[in-house]
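Note: the block below is query_16.cif and it holds mmCIF, C-alpha atoms and all ligand atoms.
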```cif
data_work
loop_
_atom_site.label_atom_id
_atom_site.label_comp_id
_atom_site.auth_asym_id
_atom_site.auth_seq_id
_atom_site.Cartn_x
_atom_site.Cartn_y
_atom_site.Cartn_z
CA MET A 298 20.49 0.47 -3.87
CA PRO A 299 19.74 -0.36 -0.21
CA LEU A 300 19.66 -4.08 0.41
CA ASP A 301 17.68 -5.75 3.14
CA SER A 302 19.23 -8.52 5.20
CA PHE A 303 17.86 -11.11 2.74
CA GLY A 304 19.63 -9.50 -0.20
CA ARG A 305 16.54 -7.96 -1.80
CA ASP A 306 17.11 -4.62 -3.60
CA ILE A 307 14.65 -2.15 -2.20
CA HIS A 308 14.10 0.34 -4.98
CA TYR A 309 10.32 0.87 -5.00
CA LEU A 310 8.62 3.33 -2.65
CA ARG A 311 4.89 3.65 -2.14
CA ILE A 312 3.83 6.91 -0.55
CA SER A 313 0.50 7.42 1.14
CA LEU A 314 -0.20 11.11 0.54
CA THR A 315 -3.14 11.20 2.92
CA ASP A 316 -5.20 8.83 5.05
CA LYS A 317 -8.38 10.66 3.95
CA CYS A 318 -10.80 9.37 1.36
CA ASN A 319 -13.97 10.32 -0.49
CA MET A 320 -15.24 6.71 -0.38
CA ARG A 321 -15.67 4.18 2.43
CA CYS A 322 -15.06 0.74 0.90
CA VAL A 323 -16.33 -1.99 3.21
CA TYR A 324 -13.05 -3.95 3.19
CA CYS A 325 -10.89 -0.86 3.80
CA MET A 326 -12.46 1.27 6.50
CA SER A 327 -15.52 1.70 8.68
CA GLU A 328 -18.15 4.24 7.64
CA ASP A 329 -17.40 6.42 10.67
CA MET A 330 -13.63 6.28 10.17
CA ILE A 331 -11.79 9.02 12.06
CA PHE A 332 -8.86 10.47 10.15
CA GLN A 333 -5.59 11.80 11.55
CA PRO A 334 -5.27 15.55 12.08
CA ASN A 335 -3.38 17.20 9.20
CA ALA A 336 -0.72 18.48 11.61
CA GLU A 337 0.38 14.87 12.11
CA LEU A 338 0.73 14.22 8.38
CA MET A 339 3.71 15.05 6.19
CA THR A 340 3.56 18.44 4.50
CA THR A 341 4.37 18.73 0.80
CA PRO A 342 7.93 20.02 1.45
CA GLU A 343 8.46 17.13 3.91
CA ILE A 344 7.23 14.58 1.34
CA LEU A 345 9.54 16.03 -1.30
CA ARG A 346 12.53 16.14 1.03
CA LEU A 347 12.07 12.43 1.75
CA VAL A 348 11.54 11.67 -1.95
CA ASN A 349 14.87 13.37 -2.72
CA LEU A 350 16.54 11.33 -0.05
CA PHE A 351 15.09 8.06 -1.36
CA ALA A 352 16.05 9.01 -4.93
CA GLY A 353 19.63 9.51 -3.69
CA LEU A 354 19.50 6.03 -2.17
CA GLY A 355 18.55 4.45 -5.50
CA VAL A 356 14.76 4.36 -5.43
CA ASP A 357 13.66 4.52 -9.08
CA LYS A 358 9.94 3.80 -8.84
CA ILE A 359 7.26 5.58 -6.83
CA ARG A 360 3.57 4.92 -6.43
CA LEU A 361 1.34 7.56 -4.89
CA THR A 362 -1.55 6.16 -2.95
CA GLY A 363 -3.49 6.66 0.25
CA GLY A 364 -6.26 7.02 1.41
CA GLU A 365 -7.29 8.69 -1.78
CA PRO A 366 -4.30 10.55 -3.26
CA THR A 367 -6.46 12.69 -5.57
CA VAL A 368 -8.00 14.51 -2.58
CA HIS A 369 -4.55 15.89 -1.68
CA PRO A 370 -4.54 19.57 -2.66
CA ASP A 371 -0.88 19.48 -3.80
CA LEU A 372 -1.02 16.27 -5.83
CA LEU A 373 0.18 17.90 -9.07
CA ALA A 374 3.03 19.75 -7.33
CA ILE A 375 4.09 16.50 -5.66
CA VAL A 376 4.16 14.63 -8.99
CA ARG A 377 6.19 17.48 -10.52
CA GLY A 378 8.55 17.45 -7.54
CA ILE A 379 9.12 13.70 -7.84
CA HIS A 380 9.72 14.00 -11.58
CA ALA A 381 12.28 16.73 -10.92
CA THR A 382 14.41 14.26 -8.92
CA GLY A 383 14.89 12.20 -12.11
CA ILE A 384 12.46 9.46 -11.09
CA THR A 385 10.20 8.84 -14.10
CA ARG A 386 8.42 5.66 -13.05
CA ILE A 387 5.64 7.44 -11.15
CA SER A 388 2.24 5.83 -10.82
CA LEU A 389 -0.92 6.47 -8.88
CA THR A 390 -3.49 4.18 -7.28
CA THR A 391 -6.86 5.89 -7.15
CA ASN A 392 -10.55 5.23 -6.77
CA GLY A 393 -10.96 7.24 -9.98
CA LEU A 394 -13.65 9.65 -8.75
CA ARG A 395 -11.56 12.73 -9.60
CA LEU A 396 -9.68 11.38 -12.62
CA THR A 397 -11.85 13.05 -15.25
CA GLU A 398 -10.59 16.48 -14.26
CA LEU A 399 -7.11 15.38 -13.16
CA ALA A 400 -5.96 12.97 -15.89
CA VAL A 401 -4.52 15.56 -18.30
CA PRO A 402 -2.81 17.74 -15.65
CA LEU A 403 -1.39 14.61 -14.01
CA LYS A 404 0.09 13.45 -17.30
CA GLN A 405 1.55 16.92 -17.88
CA ALA A 406 3.05 16.88 -14.37
CA GLY A 407 4.96 13.69 -15.18
CA LEU A 408 2.72 10.86 -14.00
CA GLU A 409 3.36 7.70 -16.03
CA ARG A 410 0.26 5.60 -15.35
CA VAL A 411 -2.64 4.79 -13.04
CA ASN A 412 -4.27 1.86 -11.29
CA VAL A 413 -7.98 2.43 -10.74
CA SER A 414 -10.01 0.42 -8.25
CA VAL A 415 -13.23 -0.96 -9.77
CA ASP A 416 -14.74 -3.85 -7.83
CA THR A 417 -17.96 -4.28 -9.81
CA LEU A 418 -19.58 -3.01 -13.02
CA ASP A 419 -23.03 -2.87 -11.42
CA PRO A 420 -23.87 0.66 -10.15
CA ASP A 421 -25.92 -0.55 -7.15
CA ARG A 422 -23.36 -3.07 -6.02
CA PHE A 423 -20.61 -0.47 -6.57
CA HIS A 424 -22.45 1.86 -4.24
CA ARG A 425 -22.86 -0.91 -1.68
CA VAL A 426 -19.15 -1.90 -1.73
CA THR A 427 -17.79 1.65 -1.70
CA ARG A 428 -20.67 3.14 0.36
CA TRP A 429 -20.14 6.58 -1.22
CA GLY A 430 -18.92 5.83 -4.76
CA GLN A 431 -20.54 6.47 -8.14
CA LEU A 432 -19.59 3.94 -10.81
CA ASP A 433 -20.27 6.16 -13.85
CA LYS A 434 -17.87 8.83 -12.55
CA VAL A 435 -15.17 6.24 -11.97
CA LEU A 436 -15.55 4.70 -15.44
CA ASP A 437 -15.45 8.20 -16.98
CA GLY A 438 -12.23 8.65 -14.99
CA VAL A 439 -10.73 5.44 -16.40
CA ARG A 440 -11.54 6.59 -19.95
CA ALA A 441 -10.08 10.04 -19.26
CA ALA A 442 -6.88 8.45 -17.97
CA GLU A 443 -6.65 6.29 -21.07
CA ALA A 444 -7.22 9.28 -23.37
CA ALA A 445 -4.56 11.25 -21.50
CA GLY A 446 -2.04 8.45 -22.05
CA LEU A 447 -1.75 7.33 -18.43
CA THR A 448 -1.25 3.81 -19.74
CA PRO A 449 -1.17 0.86 -19.46
CA ILE A 450 -4.29 1.16 -17.33
CA LYS A 451 -4.61 -1.37 -14.54
CA ILE A 452 -7.93 -2.07 -12.85
CA ASN A 453 -7.76 -3.31 -9.24
CA ALA A 454 -10.64 -5.42 -7.98
CA VAL A 455 -11.12 -6.78 -4.47
CA ILE A 456 -13.80 -9.45 -4.28
CA ALA A 457 -15.80 -9.63 -1.04
CA ARG A 458 -18.10 -12.58 -0.44
CA GLY A 459 -21.68 -11.36 -0.21
CA PHE A 460 -20.89 -8.14 -2.06
CA ASN A 461 -19.48 -8.64 -5.55
CA GLU A 462 -18.55 -12.27 -6.27
CA GLN A 463 -21.16 -12.24 -9.06
CA ASP A 464 -19.01 -9.60 -10.84
CA ILE A 465 -15.85 -11.67 -11.28
CA ALA A 466 -16.73 -12.83 -14.80
CA ASP A 467 -17.73 -9.37 -16.06
CA LEU A 468 -14.56 -7.84 -14.65
CA ALA A 469 -12.48 -10.54 -16.37
CA ARG A 470 -14.38 -9.91 -19.64
CA LEU A 471 -13.16 -6.29 -19.59
CA THR A 472 -9.85 -7.68 -20.89
CA LEU A 473 -11.63 -8.92 -24.02
CA HIS A 474 -12.71 -5.40 -24.98
CA HIS A 475 -10.06 -3.08 -23.53
CA PRO A 476 -6.26 -3.05 -23.28
CA TRP A 477 -6.61 -2.86 -19.49
CA GLN A 478 -4.96 -5.27 -17.08
CA VAL A 479 -7.57 -6.45 -14.57
CA ARG A 480 -6.03 -7.52 -11.26
CA PHE A 481 -7.88 -9.47 -8.63
CA ILE A 482 -6.52 -8.72 -5.16
CA GLU A 483 -7.15 -11.18 -2.36
CA MET A 484 -8.71 -9.33 0.53
CA MET A 485 -6.32 -8.95 3.47
CA PRO A 486 -7.13 -8.46 7.16
CA PHE A 487 -6.16 -5.16 8.82
CA GLY A 488 -7.12 -3.37 12.01
CA ASP A 489 -10.82 -3.00 12.67
CA VAL A 490 -11.83 -4.51 9.30
CA ALA A 491 -9.80 -7.68 9.98
CA ALA A 492 -12.75 -9.81 11.05
CA PHE A 493 -14.78 -8.75 8.00
CA ALA A 494 -11.84 -9.44 5.68
CA GLN A 495 -11.25 -12.88 7.14
CA ASP A 496 -14.90 -13.87 6.70
CA ALA A 497 -15.40 -12.37 3.24
CA THR A 498 -12.10 -13.13 1.50
CA ILE A 499 -12.20 -15.14 -1.75
CA SER A 500 -9.04 -16.94 -2.85
CA GLN A 501 -7.24 -16.75 -6.19
CA ALA A 502 -8.23 -20.39 -6.82
CA GLU A 503 -11.94 -19.62 -6.39
CA ILE A 504 -11.72 -16.54 -8.60
CA MET A 505 -9.86 -18.47 -11.31
CA GLN A 506 -12.41 -21.26 -11.18
CA CYS A 507 -15.24 -18.79 -11.56
CA ILE A 508 -13.58 -17.15 -14.61
CA GLU A 509 -12.83 -20.51 -16.21
CA THR A 510 -16.42 -21.72 -15.70
CA GLU A 511 -18.16 -18.55 -16.81
CA VAL A 512 -15.80 -17.06 -19.41
CA GLY A 513 -13.15 -19.53 -20.57
CA PRO A 514 -9.74 -21.03 -19.84
CA LEU A 515 -7.02 -18.83 -18.36
CA GLN A 516 -3.63 -19.23 -19.99
CA PRO A 517 -0.52 -18.26 -18.01
CA ILE A 518 1.34 -15.48 -19.81
CA ALA A 519 4.71 -16.72 -18.60
CA GLU A 520 4.72 -19.49 -16.03
CA GLY A 521 5.47 -18.04 -12.62
CA ARG A 522 6.29 -14.57 -14.01
CA LEU A 523 5.37 -11.71 -11.73
CA ASP A 524 4.39 -8.27 -12.99
CA GLY A 525 5.14 -6.38 -9.79
CA GLU A 526 3.12 -8.42 -7.36
CA ALA A 527 0.66 -9.88 -9.92
CA ARG A 528 0.77 -13.32 -11.53
CA LEU A 529 -0.47 -12.93 -15.10
CA TYR A 530 -2.89 -14.92 -17.26
CA HIS A 531 -5.06 -14.11 -20.26
CA LEU A 532 -8.23 -15.29 -21.90
CA ALA A 533 -8.09 -16.72 -25.42
CA GLY A 534 -8.40 -13.91 -27.94
CA SER A 535 -7.26 -11.21 -25.52
CA GLN A 536 -3.91 -9.47 -25.33
CA ALA A 537 -4.77 -7.82 -22.02
CA ALA A 538 -3.73 -9.64 -18.88
CA ILE A 539 -5.69 -10.81 -15.90
CA GLY A 540 -3.49 -10.58 -12.80
CA PHE A 541 -3.80 -12.15 -9.38
CA ILE A 542 -2.33 -10.52 -6.31
CA SER A 543 -2.65 -13.31 -3.83
CA THR A 544 -0.91 -12.30 -0.68
CA LEU A 545 -2.75 -14.93 1.33
CA THR A 546 -2.57 -18.01 -0.88
CA ASN A 547 0.40 -17.27 -3.16
CA PRO A 548 2.60 -14.59 -1.58
CA PHE A 549 5.34 -12.80 -3.52
CA CYS A 550 7.57 -11.96 -0.53
CA ALA A 551 10.70 -13.46 -2.14
CA SER A 552 10.68 -10.80 -4.84
CA CYS A 553 9.44 -7.90 -2.72
CA SER A 554 11.35 -4.74 -3.59
CA ARG A 555 9.20 -2.16 -1.82
CA VAL A 556 8.76 -0.18 1.33
CA ARG A 557 5.95 2.21 2.19
CA LEU A 558 5.90 5.71 3.57
CA THR A 559 2.73 6.31 5.56
CA ALA A 560 1.00 9.68 5.43
CA ASP A 561 2.32 10.41 8.93
CA GLY A 562 5.88 9.79 7.80
CA HIS A 563 6.60 6.28 9.04
CA LEU A 564 8.57 3.83 6.93
CA ARG A 565 6.51 0.63 6.89
CA LEU A 566 8.69 -2.32 6.04
CA CYS A 567 6.02 -4.90 5.15
CA LEU A 568 2.39 -4.15 4.27
CA LEU A 569 1.16 -6.82 6.65
CA ARG A 570 3.41 -6.21 9.66
CA ASP A 571 3.08 -3.34 12.09
CA ASP A 572 6.87 -2.89 12.28
CA GLU A 573 7.63 0.72 11.20
CA GLY A 574 10.22 3.42 11.76
CA ASP A 575 9.28 7.06 12.32
CA LEU A 576 11.06 9.39 9.86
CA LEU A 577 8.89 12.46 10.38
CA THR A 578 9.76 13.11 14.03
CA PRO A 579 13.54 13.19 13.47
CA LEU A 580 12.99 15.23 10.28
CA ARG A 581 10.98 17.80 12.26
CA GLN A 582 13.61 17.79 15.00
CA GLY A 583 16.25 18.90 12.50
CA ALA A 584 17.91 15.65 11.43
CA SER A 585 20.39 16.10 8.59
CA ASP A 586 20.04 14.21 5.30
CA ALA A 587 22.94 12.01 6.38
CA ASP A 588 21.13 11.14 9.66
CA LEU A 589 17.92 10.35 7.83
CA GLU A 590 19.76 8.32 5.23
CA SER A 591 21.41 6.09 7.80
CA LEU A 592 18.06 5.71 9.60
CA VAL A 593 16.42 4.60 6.32
CA ARG A 594 19.25 2.18 5.55
CA SER A 595 19.01 0.58 8.99
CA LEU A 596 15.22 0.28 8.73
CA ILE A 597 15.44 -1.32 5.29
CA TRP A 598 18.01 -3.77 6.63
CA ARG A 599 15.47 -4.97 9.17
CA LYS A 600 12.68 -5.49 6.59
CA PRO A 601 11.12 -8.83 7.54
CA TRP A 602 11.21 -11.76 5.16
CA GLY A 603 7.45 -11.96 4.83
CA HIS A 604 4.13 -11.50 6.50
CA GLY A 605 2.96 -13.47 9.52
CA LEU A 606 -0.63 -14.26 8.51
CA PRO A 607 -0.02 -18.04 8.45
CA ASP A 608 1.08 -17.74 12.11
CA GLY A 609 -2.03 -15.72 12.98
CA LEU A 610 -0.16 -12.40 13.12
CA ILE A 611 -2.68 -9.84 11.84
CA PRO A 612 -1.59 -6.20 11.55
CA LEU A 613 -3.95 -4.41 13.90
CA GLU A 614 -2.55 -0.91 14.24
CA ARG A 615 -3.61 0.53 10.89
CA VAL A 616 -6.04 -0.21 8.08
CA MET A 617 -5.00 -0.17 4.41
CA SER A 618 -5.96 3.47 3.86
CA GLN A 619 -3.56 4.52 6.63
CA ILE A 620 -0.69 2.43 5.32
CA GLY A 621 -0.91 3.17 1.61
CA GLY A 622 -2.09 0.15 -0.36
N1 LIG B 701 -8.04 5.02 -2.65
C1 LIG B 701 -7.25 4.41 -3.64
C2 LIG B 701 -7.93 3.20 -4.25
O1 LIG B 701 -8.91 2.74 -3.68
O2 LIG B 701 -7.45 2.71 -5.27
C3 LIG B 701 -5.86 4.06 -3.16
C4 LIG B 701 -5.73 3.49 -1.79
S1 LIG B 701 -6.44 1.88 -1.59
C5 LIG B 701 -6.04 1.55 0.09
C6 LIG B 701 -5.33 0.89 -2.54
C7 LIG B 701 -5.82 -0.48 -2.91
O3 LIG B 701 -5.98 -1.23 -1.72
C8 LIG B 701 -7.17 -0.49 -3.60
O4 LIG B 701 -7.07 -1.20 -4.82
C9 LIG B 701 -8.07 -1.21 -2.63
O5 LIG B 701 -9.04 -1.96 -3.30
C10 LIG B 701 -7.09 -2.07 -1.87
N2 LIG B 701 -7.55 -2.50 -0.55
C11 LIG B 701 -8.09 -1.77 0.44
N3 LIG B 701 -8.36 -2.52 1.52
C12 LIG B 701 -7.96 -3.78 1.20
C13 LIG B 701 -7.96 -5.02 1.89
N4 LIG B 701 -8.44 -5.14 3.13
N5 LIG B 701 -7.46 -6.10 1.26
C14 LIG B 701 -6.98 -6.01 -0.01
N6 LIG B 701 -6.93 -4.87 -0.71
C15 LIG B 701 -7.43 -3.77 -0.12
FE1 LIG B 702 -10.90 4.89 -0.02
FE2 LIG B 702 -9.35 3.39 -1.56
FE3 LIG B 702 -9.95 2.62 0.94
FE4 LIG B 702 -11.85 2.59 -0.91
S1 LIG B 702 -9.97 1.36 -0.92
S2 LIG B 702 -12.04 3.45 1.18
S3 LIG B 702 -11.32 4.31 -2.14
S4 LIG B 702 -8.75 4.36 0.37
#
```

Could the structure of this file be written out as structure tokens, please?
Amino acid sequence: MPLDSFGRDIHYLRISLTDKCNMRCVYCMSEDMIFQPNAELMTTPEILRLVNLFAGLGVDKIRLTGGEPTVHPDLLAIVRGIHATGITRISLTTNGLRLTELAVPLKQAGLERVNVSVDTLDPDRFHRVTRWGQLDKVLDGVRAAEAAGLTPIKINAVIARGFNEQDIADLARLTLHHPWQVRFIEMMPFGDVAAFAQDATISQAEIMQCIETEVGPLQPIAEGRLDGEARLYHLAGSQAAIGFISTLTNPFCASCSRVRLTADGHLRLCLLRDDEGDLLTPLRQGASDADLESLVRSLIWRKPWGHGLPDGLIPLERVMSQIGG
């Protein structure tokens, strides 16, 4: 397992399959977002070559994300290719628009589970947050994923002041009626949505207070326990967890075990720092597996301890969809 210089085992890889998306969420990208030309993005054989290399290094968990990973034409082949390396912990983060048709084939290809982003249960507000999204299609997608066994289902919600703070309680109540983990993600500043994110972010403390006032007390599931990056609670009478991913007010850097591969083949060492290493250029120039492996090891070694937001260091070069959230 590659270690970073702080002794953290880096065994979890998130891969952005594409920077493209069929929605335009206000906190993620501008409506007139310009995407990278496909020639600059990793091809399917390039993705699978790197996956093989990371599997050889000890990576045992992969999340496919983007952009919107379900708009990638080779998604099923990529999942099959990852599964063929022996990695079985394969998950997908998706906006859910295409899950109804893809859930069963994804399960058959070897996908273990999905996280679906649902920021509000009100169709009009959903359309306003996502600009192009249709809530009913997404909820059908969640149900299709559940029926296909892509479980446990996790619902990701970003709360933006002025857009969907009135939905916090209803999202939390989902855990009373479904075995879905609902995770509230604090909005983070990136690139040209940084100013919006800084103005509209709502902290874990505010979200918790809202749930406790409107729904009921939140009980910690295991004090301080992290499920991935989420701190878990539940409402009385519910077995399903409510998670908080609070990079701004309660970061989880000490237990970070991940690196990200951007759609253009850069290894991004910390979500919130622009420090990256280009793997795709050497790969296209004929680097051997041994060359690439030592490049990856040296990049992982220089993974920073944590993000620099408290010091005012905002990652400006890419937005979330380009990094792979
Ligand atoms: N398109 C897929 C989706 O929306 O689930 C996968 C990619 S998206 C970038 C991954 C996650 O990042 C989503 O849950 C989304 O809500 C979240 N996200 C996007 N921009 C964010 C921001 N500025 N701060 C916090 N989370 C953000
Ligand atoms: Fe697309 Fe996901 Fe970004 Fe929304 S959060 S614009 S669905 S990549």

>> Calculated over all atoms listed in the file, which of the candidates A:Ile539, A:Leu408, A:Ile456, A:Leu577 has the smallest distance to ligand LIG 702 (chain B)?
In response: A:Ile456

> CA of Ala469 in chain A and atom O1 of ligand LIG 701 (chain B), how far apart in Å?
Replying inline: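 Between atom O1 of ligand LIG 701 (chain B) and CA of Ala469 in chain A the gap is 18.7 Å.
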
>> Which residues are near Pro514 in chain A? Cut-off 12 Å, all atoms listed in the file, ignore same chain within fewer than 4 positions. Put them as a PyMOL selection string.
In response: chain A and resi 466+469+505-510+530-535+539

Could you give me the centre and size, in Å to one decimal, of an axis-aligned box around all listed atoms of ligand LIG 702 (chain B) with 3 Å added on every side, as AutoDock Vina command-line options?
```
--center_x -10.4 --center_y 3.1 --center_z -0.5 --size_x 9.3 --size_y 9.5 --size_z 9.3
```

> List as a list in words: which residues have an atom within 7 Å of (4.5, 7.7, -6.2), counting all atoms listed in the file?
Replying inline: Leu310, Arg311, Ile312, Ile359, Arg360, Leu361, Ile387, Ser388 and Leu389 of chain A

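Note that atom C6 of ligand LIG 701 (chain B) and CA of Glu365 in chain A are 8.1 Å apart.
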
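Neighbouring residues of ligand LIG 701 (chain B) at a cut-off of 6 Å, counting all atoms listed in the file, are A:Tyr324, A:Cys325, A:Thr362, A:Gly363, A:Gly364, A:Glu365, A:Thr390, A:Thr391, A:Asn392, A:Val413, A:Ser414, A:Asn453, A:Val455, A:Ile482, A:Glu483, A:Met484, A:Met485, A:Pro486, A:Met617, A:Ser618, A:Gly621, A:Gly622.
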
>> I want to know what sits within 10 Å of Gly488 in chain A, based on all atoms listed in the file, with residues of the same chain fewer than 3 positions away left out; could you give that as a PyMOL selection string?
In response: chain A and resi 325-326+491-492+494+611-617

>> List the spatial neighbours of Thr341 in chain A as a PyMOL selection string - criterion: any atom at most 12 Å away, all atoms listed in the file, same-chain residues fewer than 3 positions off excluded.
In response: chain A and resi 312-315+335-336+338+344-348+369-379+560-562

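With all atoms listed in the file as the basis for measurement, A:Lys317 is the residue among A:Lys317, A:Arg528, A:Arg470, A:Arg395 that approaches ligand LIG 702 (chain B) most closely.
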
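Note that the spacing between CA of Asp608 in chain A and CA of Leu569 in chain A amounts to 12.2 Å.
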
> Could you name the residues that touch Phe541 in chain A at 12 Å or less, counting all atoms listed in the file, but leaving out those on the same chain fewer than 5 positions away, as a ChimeraX atom specification?
Replying inline: /A:451-456,469,478-484,499-505,515,517,521-531,546-549

> Leaving out Asp329 in chain A and any residue of its chain fewer than 4 positions from it, which residues lie within 12 Å of it when counting all atoms listed in the file, given as a list in words?
Replying inline: Cys318, Met320, Arg321, Cys322, Val323, Cys325, Arg428 and Asp489 of chain A

Missing atoms in range 534-560 of chain A should be modelled up to N, CA and C atoms and reported as an mmCIF file, in the frame of the given file.
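As written to disk, part-v2.cif reads:
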```cif
data_model
loop_
_atom_site.group_PDB
_atom_site.id
_atom_site.type_symbol
_atom_site.label_atom_id
_atom_site.label_comp_id
_atom_site.auth_asym_id
_atom_site.auth_seq_id
_atom_site.Cartn_x
_atom_site.Cartn_y
_atom_site.Cartn_z
ATOM 1 N N GLY A 534 -7.902 -15.018 -27.117
ATOM 2 C CA GLY A 534 -8.400 -13.910 -27.940
ATOM 3 C C GLY A 534 -8.146 -12.551 -27.316
ATOM 4 N N SER A 535 -7.503 -12.509 -26.159
ATOM 5 C CA SER A 535 -7.260 -11.210 -25.520
ATOM 6 C C SER A 535 -5.771 -11.004 -25.294
ATOM 7 N N GLN A 536 -5.312 -9.804 -25.590
ATOM 8 C CA GLN A 536 -3.910 -9.470 -25.330
ATOM 9 C C GLN A 536 -3.752 -8.896 -23.934
ATOM 10 N N ALA A 537 -4.859 -8.457 -23.342
ATOM 11 C CA ALA A 537 -4.770 -7.820 -22.020
ATOM 12 C C ALA A 537 -4.721 -8.897 -20.946
ATOM 13 N N ALA A 538 -3.959 -8.615 -19.906
ATOM 14 C CA ALA A 538 -3.730 -9.640 -18.880
ATOM 15 C C ALA A 538 -4.761 -9.579 -17.769
ATOM 16 N N ILE A 539 -4.966 -10.732 -17.160
ATOM 17 C CA ILE A 539 -5.690 -10.810 -15.900
ATOM 18 C C ILE A 539 -4.633 -11.174 -14.853
ATOM 19 N N GLY A 540 -4.517 -10.347 -13.810
ATOM 20 C CA GLY A 540 -3.490 -10.580 -12.800
ATOM 21 C C GLY A 540 -4.121 -11.015 -11.479
ATOM 22 N N PHE A 541 -3.341 -11.752 -10.712
ATOM 23 C CA PHE A 541 -3.800 -12.150 -9.380
ATOM 24 C C PHE A 541 -2.757 -11.718 -8.374
ATOM 25 N N ILE A 542 -3.216 -10.950 -7.391
ATOM 26 C CA ILE A 542 -2.330 -10.520 -6.310
ATOM 27 C C ILE A 542 -2.818 -11.268 -5.082
ATOM 28 N N SER A 543 -2.109 -12.326 -4.766
ATOM 29 C CA SER A 543 -2.650 -13.310 -3.830
ATOM 30 C C SER A 543 -1.761 -13.418 -2.617
ATOM 31 N N THR A 544 -1.796 -12.385 -1.837
ATOM 32 C CA THR A 544 -0.910 -12.300 -0.680
ATOM 33 C C THR A 544 -1.176 -13.438 0.297
ATOM 34 N N LEU A 545 -2.427 -13.893 0.347
ATOM 35 C CA LEU A 545 -2.750 -14.930 1.330
ATOM 36 C C LEU A 545 -2.358 -16.313 0.809
ATOM 37 N N THR A 546 -2.740 -16.633 -0.431
ATOM 38 C CA THR A 546 -2.570 -18.010 -0.880
ATOM 39 C C THR A 546 -1.361 -18.216 -1.793
ATOM 40 N N ASN A 547 -0.739 -17.132 -2.248
ATOM 41 C CA ASN A 547 0.400 -17.270 -3.160
ATOM 42 C C ASN A 547 1.298 -16.033 -3.023
ATOM 43 N N PRO A 548 1.915 -15.859 -1.830
ATOM 44 C CA PRO A 548 2.600 -14.590 -1.580
ATOM 45 C C PRO A 548 3.840 -14.396 -2.464
ATOM 46 N N PHE A 549 4.221 -13.129 -2.631
ATOM 47 C CA PHE A 549 5.340 -12.800 -3.520
ATOM 48 C C PHE A 549 6.510 -12.219 -2.723
ATOM 49 N N CYS A 550 6.576 -12.585 -1.415
ATOM 50 C CA CYS A 550 7.570 -11.960 -0.530
ATOM 51 C C CYS A 550 9.005 -12.098 -1.058
ATOM 52 N N ALA A 551 9.316 -13.225 -1.706
ATOM 53 C CA ALA A 551 10.700 -13.460 -2.140
ATOM 54 C C ALA A 551 11.175 -12.388 -3.103
ATOM 55 N N SER A 552 10.243 -11.807 -3.873
ATOM 56 C CA SER A 552 10.680 -10.800 -4.840
ATOM 57 C C SER A 552 10.244 -9.401 -4.425
ATOM 58 N N CYS A 553 9.907 -9.224 -3.168
ATOM 59 C CA CYS A 553 9.440 -7.900 -2.720
ATOM 60 C C CYS A 553 10.584 -6.892 -2.803
ATOM 61 N N SER A 554 10.306 -5.755 -3.428
ATOM 62 C CA SER A 554 11.350 -4.740 -3.590
ATOM 63 C C SER A 554 10.883 -3.397 -3.036
ATOM 64 N N ARG A 555 9.847 -3.417 -2.181
ATOM 65 C CA ARG A 555 9.200 -2.160 -1.820
ATOM 66 C C ARG A 555 9.196 -1.887 -0.326
ATOM 67 N N VAL A 556 9.108 -0.620 -0.011
ATOM 68 C CA VAL A 556 8.760 -0.180 1.330
ATOM 69 C C VAL A 556 7.701 0.912 1.168
ATOM 70 N N ARG A 557 7.039 1.225 2.255
ATOM 71 C CA ARG A 557 5.950 2.210 2.190
ATOM 72 C C ARG A 557 6.197 3.347 3.158
ATOM 73 N N LEU A 558 5.837 4.547 2.701
ATOM 74 C CA LEU A 558 5.900 5.710 3.570
ATOM 75 C C LEU A 558 4.458 6.085 3.904
ATOM 76 N N THR A 559 4.102 5.994 5.177
ATOM 77 C CA THR A 559 2.730 6.310 5.560
ATOM 78 C C THR A 559 2.528 7.815 5.549
ATOM 79 N N ALA A 560 1.272 8.244 5.517
ATOM 80 C CA ALA A 560 1.000 9.680 5.430
ATOM 81 C C ALA A 560 1.563 10.433 6.630
#
```
